[in-house]
Amino acid sequence: MSLHDQDDPALRAAQEDRLRKVWEPPSGLFFRWTDTNNNRVGIWYVLTAFCFMLFAGVLALVMRTQLAIPANALVSANLFNQLFTLHGSVMMFLFAVPMFEAVSIILLPQLLAARDLPFPRLSAFGYWSFLIGGVFVSGSIFFDAAPDGGWFMYPPYTTRTDMTGLGADIWMLGLSFIEVSSVAAAVELIVGVLKCRPPGMRLNLMPLYAWYILVVAVMILFAFPPLIAGDILFEMERLLNWPFFDPTRGGDPLLWQHLFWIFGHPEVYIVFLPSIALFAMMIPTFSQRHLLGYPWIVLAAVGTAFLSFGLWVHHMFATGLPKISLALFSAASEAVAIPTGVQIFVFIATLWAGRVVWSTPLLYALGSIAMFVIGGLTGVMVAVAPFDWQAHDTYFIVAHLHYVLIGGTLIPLFGGLYYYWPLITGKKLSDRLGRIAFWVLFAGANLTFFPMHFTGLMGMPRRVFTYPAELGVSGLNLASTIGSFLTAAGVALICLDLALSPRRQKAKRNPWHGGTLEWLAHPDDENWGVRSVPLIESRYPIWDQKDFVKKVDEGRFFLPDAEEGRRETIITTVLDARPLAVQRLGGPSVKPMITAVALGSVFILTTYHMYWAALVGSVATLAAILWWLWTGTAEIPEKDEKPIGHGIVLPLYLSGSASPGWWAMFITMMADATAFSGLVFGYFFFWTTHPVFPPHGAGMEGPGVFWPMVAMTLMLAAWGLTVAARTANRRGGVGAARGLLGLGIVLSLAAIGAGLAGPWTTALAPSLHVYPAMVWTLVIWTTAHSGVAAIMQGYTLARSLAGRMTPKHDADLRNITVYMHFMALTAIVTYATIGLFPGVA
Amino acid sequence: MTSPPRQSALAPFGAEAIATFDTTVVLTIGACLIFGIVALLFFVAVRSPGDRLSHTQGMRLVLVAGAALPTLILAALLVYVLPQMRPLPVPPRALGVSAVGEQFWWRTVYRAPGQPVLETANELRLPVGQTVTIELSSPDVIHSFWVPGLAGKMDMIPGRINRLIVRADKPGLYRGQCAEFCGLGHAVMAFDVIAMSPADYDRWLADERRPAVPAADPAGAATFAEYGCGGCHAIRDTQAAGRIGPDLTHLAARRHIAAGMLPMTVDAIARFTRDAPSLKPGVRMPAYPHMPPADAQAIGRYLAALK
């Protein structure tokens, strides 16, 4: 195909017909919900997260009404505790993080001119998991069963089953389920940014929003797993009475606080950096120039992410930690203001250097920056440990965190809504209504939260359902309550504007005159994303590249057709975006939904202690996953390669480190290894807090050396066999590879027995003391991974026998080898820790 | 006394809280200045017509105002605040006080060299001008000990003992409250703090060490015993020796009952005795719905006389 072929309108129309047919969304009462395209799934995701935000906002209004006057009796202490726990948990886990992922699912393919994300079905799975888990957690308040231990769920209050009921289990298991879906979405987004960029878009030409997606998704990848590890320990204590946080049996409540805040502090930046990313897209548009200091803002984002993992102790200043660590974390907490300062000043400099076009989204952006700066400055104040000892757990912190989150998440998101609404619906929202809503919202939020700085310093702690008139904060509280209703009115106006949108006229294309790829979107958008995948030479191609939009629309770039009737997108190299292959994408399917329902049943049934039913759910989940993988992944194409235009011919199959699947496995295993290190951290944390660890006594004599060493050897051998099978298969030794895999299954299964034999033969009693509990947890984690290894080896063997894996098409085997590398590492660390470390210590 | 006891970091009476108040003023002024400057810069930037700032100038602005200045300001701030994180020096043989947070009240224990240990509840008395180490612990869940006028808060964590070193500098009546969410009664877990001259303090200690005042009306004491109150509460030198709830030996010398919730009156005691759970959510004391109000009044009169 030469460049001039696209001059033929008939050819173009035929291509468009084929693309339209391939990307046609499913229809029908049920089947429309089996869609996996990012446009649809992203919009469901955004709407659902938005509804959860409104729900949590209503909870806040009830709380503010209760606190309007002193000694009010509107709601009981019990209900109030459920209200604030759910308000915080829903806003964080069901709104802020999912909303970032939802918006990114919509925007990322557009920013990268990709047809879809690399794993559309994974997005759909994430969405259904999110919906099921979110409704489960939120709905609990209507049955008076909502979690009531605060969104931080500090044990021992929350692990004592005589003090807290089902709510704590709902929090742990329901939100763990959502954390899994968050991590799944993070994997999807990282691979999307790294592998699905258009040809020529080197890392340093990437739109800034994509950079922030990368940074934030990597943060999710490392921040959520420690919380998942904490959740595991927490539920082991609640369901099985293993004493991780019970000091009478060697446990320590502070371990939870460490694991929670290692997650919880990065979480703040996870929900705030996406807003900076939105500013970084809007401000160049409304300054009509390139963003000034692109490398600076990227470095600042990376720096913020890096520092945010070193600040968690500032949530624990009042726990009586050694002064030296307080000084260190004070300094680190202040230091994070520096990259934030850089990002803010990049915006100031860009606005200054450009000619500003005033608009509603810009109003939201600047208003939110004002609130965020106030929140940031009070953040520096609370980073000063002596000041924090006063402010901690008071309304001062409530003020601080709401300035950060309203200025750093909520209002930017509304700004993003006004900015990107034309992109998603083809229509503009009302400028007038938008501005009125902004000022009502802005006034309301400030009236609500500014007085709280004083309320807190004047002695009002957080999480109190009542306060006496003598405290002298009645007037301040009443102002906050009035402000909260004003805020709600602002949000209601925005909802009204959204509701009126279907009656409005279509806007013209690229209404703000943006320069980045997402503005290729046409008001009468087709489901296929871009007409052809462009070659990128600039950060703002619409502004800088000649006839860019026209060339894209006429299909003069890459992949303008879908000859084989398959959904496809281009895979490029990680650093410099050289085209590598054409990836066939999964289309609409019911499998993600079924898998999400099955996995959800495991978490929900466990909450109600229905273990046998949960086991059935687990088997169903495994079956659903295998069915999904078998029928939908690593498919051998009907031909080896295809042309994508301009004389470039790309393969249709990739395996190994060039392929998105390999990256997804690698990234998932990074998260897995992080959760595992959370558990290992627990073991060594207890070693540092006990004078004698392991302790002595009946039921506490360790697992010995023999069985752990046997288990380690077996697992390393299983790893070696898998690596050998990969090499043999690649060299054409299909029979040898099958034999090696078969033997590998046997060894993996044997390693389960050997691993459990250690603590079993020495009769370690996990409910007696934290040491046996910790050993059992590490062993269970590792043997469960051995079980997954056996399943993977068996799956790959079956693929080979079924002819779905060949020496040339070996993605399955390459991918499970990545798993086995991490598996071997896990086995070495676990068995050396439990088997050898007691001898060294 | 007409004005209610203060529970405010903005009205400090302790050495630590006074120092922190000064820091607060400095931090607040600094924050306001920085906010003003940033807001002004945004205003100028948005108003400026295009091309007033070259690329080089813009980058210099980011470098100087966005990176270098914040670094300098934060370094200076660190140098200013680090010395404040050092605790007050503790003289040898200093007075020792333990405060134990329990759902949802405070057990306070005083240890003076050469004197028997004294236990009371829901009230902390401090001699002005003397450095005191308060040992903080909890037998059930995490609480946090916070007397804003005295010092910053510190957590009471099961399995640990935290030490808070304080010095009251101004005599007066103050209030403290639990600051870490601890369950249903978290909002109603407060206590009185009374900073007094060393002479008054010694007199109070001596008074507290006396045995309980003999009951003027034996009927009240008998009712108290009959309902088994002594199973949870102690009144020294009587049959009542329970350790679950607050010590009541000199209850009437305190200003409030139920951890800062209700005034020290016969009526309040009687109401609380009959129906504690409805007055104080989460309280571990059961309700006695069948107790005749007259009995509750008798117990109230008895306890309100325990000066």
# chains A, B, ... in the order shown; residues from 1 in each chain; ligands from 1
call {"tool": "select_by_dssp", "arguments": {"residues": "range 519-741 of chain A", "states": "strand (DSSP E)", "output": "list in words"}}
result
Glu568, Thr569, Ile570, Ile571, Thr572, Pro579, Leu580, Ala581, Val582, Gln583, Arg584, Glu641, Lys642, Pro643, Ile644, Gly645, Ile648, Val649, Leu650 and Pro651 of chain A
call {"tool": "interface_residues", "arguments": {"of": "chain A", "to": "chain B", "cutoff": "7 Å", "atoms": "only C-alpha atoms", "output": "ChimeraX atom specification"}}
result
/A:77-78,156-157,247,293,318-320,327,331,334,338,341-342,345-346,348-349,351-356,373-374,377,381,384,386-387,389-390,393,457-459,461,463-466,470-471
call {"tool": "residues_around", "arguments": {"residues": "Pro295 in chain A", "least_positions_apart": "3", "cutoff": "12 Å", "atoms": "only C-alpha atoms", "output": "PyMOL selection string"}}
result
(chain A and resi 203-208+211+291-292+298-303+342-343+346) or (chain B and resi 59+62)
call {"tool": "write_last_selection", "arguments": {"atoms": "C-alpha atoms", "output": "compact mmCIF listing (two decimals), in the first residue's frame"}}
result
# COMPACT_ATOMS: atom_id res chain seq x y z
CA LEU A 203 8.92 8.60 26.43
CA ASN A 204 9.88 12.27 26.38
CA LEU A 205 7.14 13.11 23.87
CA MET A 206 4.42 11.50 25.94
CA PRO A 207 1.50 13.74 27.00
CA LEU A 208 1.96 14.62 30.66
CA TRP A 211 3.35 10.30 32.53
CA LEU A 291 3.99 23.56 28.96
CA LEU A 292 7.14 25.20 30.19
CA VAL A 298 8.07 14.79 35.09
CA LEU A 299 10.95 14.67 37.53
CA ALA A 300 8.82 16.36 40.18
CA ALA A 301 6.09 13.75 39.72
CA VAL A 302 8.59 10.91 40.00
CA GLY A 303 10.21 12.62 43.00
CA VAL A 342 8.07 22.84 41.30
CA GLN A 343 4.81 21.59 39.79
CA VAL A 346 5.61 25.26 36.27
CA MET B 59 12.63 28.25 33.80
CA VAL B 62 10.56 27.54 38.38
call {"tool": "closest_residue", "arguments": {"among": "B:Ala94, B:Val283, B:Ala216, B:Ile244", "to": "Arg301 in chain B", "atoms": "only C-alpha atoms"}}
result
B:Ala216
call {"tool": "residues_around", "arguments": {"residues": "Thr668 in chain A", "least_positions_apart": "2", "cutoff": "9 Å", "atoms": "only C-alpha atoms", "output": "ChimeraX atom specification"}}
result
/A:183-184,187,221,663-666,670-673
call {"tool": "atom_distance", "arguments": {"atom1": "CA of Tyr771 in chain A", "atom2": "CA of Trp261 in chain A"}}
result
23.2 Å
call {"tool": "residues_around", "arguments": {"residues": "Arg202 in chain A", "least_positions_apart": "2", "cutoff": "12 Å", "atoms": "only C-alpha atoms", "output": "PyMOL selection string"}}
result
chain A and resi 112+193-200+204-207+210-211+535-539+572-579
call {"tool": "write_last_selection", "arguments": {"atoms": "N, CA and C atoms", "output": "short mmCIF file (atom, residue, chain, number, x, y, z; two decimals), in the first residue's frame"}}
result
data_model
loop_
_atom_site.label_atom_id
_atom_site.label_comp_id
_atom_site.auth_asym_id
_atom_site.auth_seq_id
_atom_site.Cartn_x
_atom_site.Cartn_y
_atom_site.Cartn_z
N LEU A 112 -2.98 8.36 23.54
CA LEU A 112 -1.93 7.62 22.85
C LEU A 112 -2.37 7.23 21.43
N VAL A 193 0.57 2.44 28.91
CA VAL A 193 1.49 3.56 28.69
C VAL A 193 2.80 3.07 28.07
N LEU A 194 3.29 1.92 28.53
CA LEU A 194 4.61 1.49 28.09
C LEU A 194 4.59 0.85 26.70
N LYS A 195 3.50 0.18 26.34
CA LYS A 195 3.53 -0.64 25.13
C LYS A 195 2.57 -0.19 24.03
N CYS A 196 1.65 0.69 24.33
CA CYS A 196 0.63 1.02 23.32
C CYS A 196 0.75 2.44 22.79
N ARG A 197 1.92 3.03 22.90
CA ARG A 197 2.07 4.39 22.38
C ARG A 197 2.16 4.33 20.86
N PRO A 198 1.78 5.43 20.20
CA PRO A 198 1.85 5.42 18.73
C PRO A 198 3.32 5.50 18.29
N PRO A 199 3.62 5.02 17.10
CA PRO A 199 5.00 5.05 16.62
C PRO A 199 5.57 6.46 16.72
N GLY A 200 6.80 6.55 17.18
CA GLY A 200 7.48 7.84 17.26
C GLY A 200 7.30 8.55 18.58
N ASN A 204 9.84 10.83 26.10
CA ASN A 204 9.88 12.27 26.38
C ASN A 204 8.95 13.08 25.47
N LEU A 205 8.16 12.40 24.63
CA LEU A 205 7.14 13.11 23.87
C LEU A 205 5.74 12.79 24.39
N MET A 206 5.70 11.96 25.42
CA MET A 206 4.42 11.50 25.94
C MET A 206 3.61 12.68 26.51
N PRO A 207 2.30 12.71 26.31
CA PRO A 207 1.50 13.74 27.00
C PRO A 207 1.69 13.58 28.51
N ALA A 210 -0.23 11.02 30.52
CA ALA A 210 0.26 9.64 30.43
C ALA A 210 1.41 9.41 31.41
N TRP A 211 2.27 10.42 31.54
CA TRP A 211 3.35 10.30 32.53
C TRP A 211 2.79 10.10 33.93
N LEU A 535 2.01 8.93 13.26
CA LEU A 535 3.43 8.97 13.60
C LEU A 535 3.65 10.28 14.35
N ILE A 536 4.24 10.21 15.54
CA ILE A 536 4.32 11.37 16.42
C ILE A 536 5.73 11.97 16.37
N GLU A 537 5.78 13.29 16.21
CA GLU A 537 7.07 13.98 16.17
C GLU A 537 7.14 15.10 17.18
N SER A 538 6.05 15.34 17.91
CA SER A 538 6.01 16.51 18.80
C SER A 538 5.16 16.19 20.02
N ARG A 539 5.33 17.00 21.08
CA ARG A 539 4.48 16.81 22.26
C ARG A 539 3.08 17.31 22.01
N THR A 572 4.34 -1.00 20.62
CA THR A 572 5.63 -0.39 20.30
C THR A 572 6.63 -0.67 21.42
N THR A 573 7.86 -0.25 21.20
CA THR A 573 8.88 -0.50 22.22
C THR A 573 8.72 0.49 23.38
N VAL A 574 9.25 0.08 24.55
CA VAL A 574 8.99 0.83 25.78
C VAL A 574 9.60 2.23 25.73
N LEU A 575 10.85 2.35 25.29
CA LEU A 575 11.51 3.66 25.40
C LEU A 575 11.22 4.55 24.20
N ASP A 576 11.45 4.03 22.98
CA ASP A 576 11.40 4.95 21.84
C ASP A 576 10.23 4.68 20.90
N ALA A 577 9.30 3.84 21.30
CA ALA A 577 8.06 3.63 20.56
C ALA A 577 8.30 3.27 19.09
N ARG A 578 9.22 2.31 18.87
CA ARG A 578 9.33 1.74 17.54
C ARG A 578 8.25 0.68 17.40
N PRO A 579 7.54 0.61 16.26
CA PRO A 579 6.48 -0.39 16.15
C PRO A 579 7.04 -1.80 16.19
#
call {"tool": "residues_around", "arguments": {"residues": "range 821-833 of chain A", "least_positions_apart": "2", "cutoff": "7 Å", "atoms": "only C-alpha atoms", "output": "NGL selection string"}}
result
:A and (669 or 708-709 or 712 or 715-716 or 719 or 778 or 782 or 785 or 817-819 or 835-837)
call {"tool": "closest_residue", "arguments": {"among": "A:Gly139, A:Pro70, A:Pro807, A:Gly165", "to": "Ser655 in chain A", "atoms": "only C-alpha atoms"}}
result
A:Pro807
call {"tool": "residues_around", "arguments": {"residues": "Thr273 in chain B", "least_positions_apart": "5", "cutoff": "9 Å", "atoms": "only C-alpha atoms", "output": "JSON, numbers by chain"}}
result
{"B": [268, 285, 286, 287, 288, 296, 299, 300]}
call {"tool": "closest_residue", "arguments": {"among": "B:Ala258, B:Ala241, B:Leu88, B:Ala253", "to": "Asp207 in chain B", "atoms": "only C-alpha atoms"}}
result
B:Ala253
call {"tool": "atom_distance", "arguments": {"atom1": "CA of Gly114 in chain B", "atom2": "CA of Leu205 in chain B"}}
result
13.3 Å
call {"tool": "closest_residue", "arguments": {"among": "A:Ser430, A:Thr595, A:Thr796, A:Thr688", "to": "Ala499 in chain A", "atoms": "only C-alpha atoms"}}
result
A:Ser430
call {"tool": "closest_residue", "arguments": {"among": "A:Gly739, A:Gly803, A:Pro468, A:Gly702", "to": "Met774 in chain A", "atoms": "only C-alpha atoms"}}
result
A:Gly702
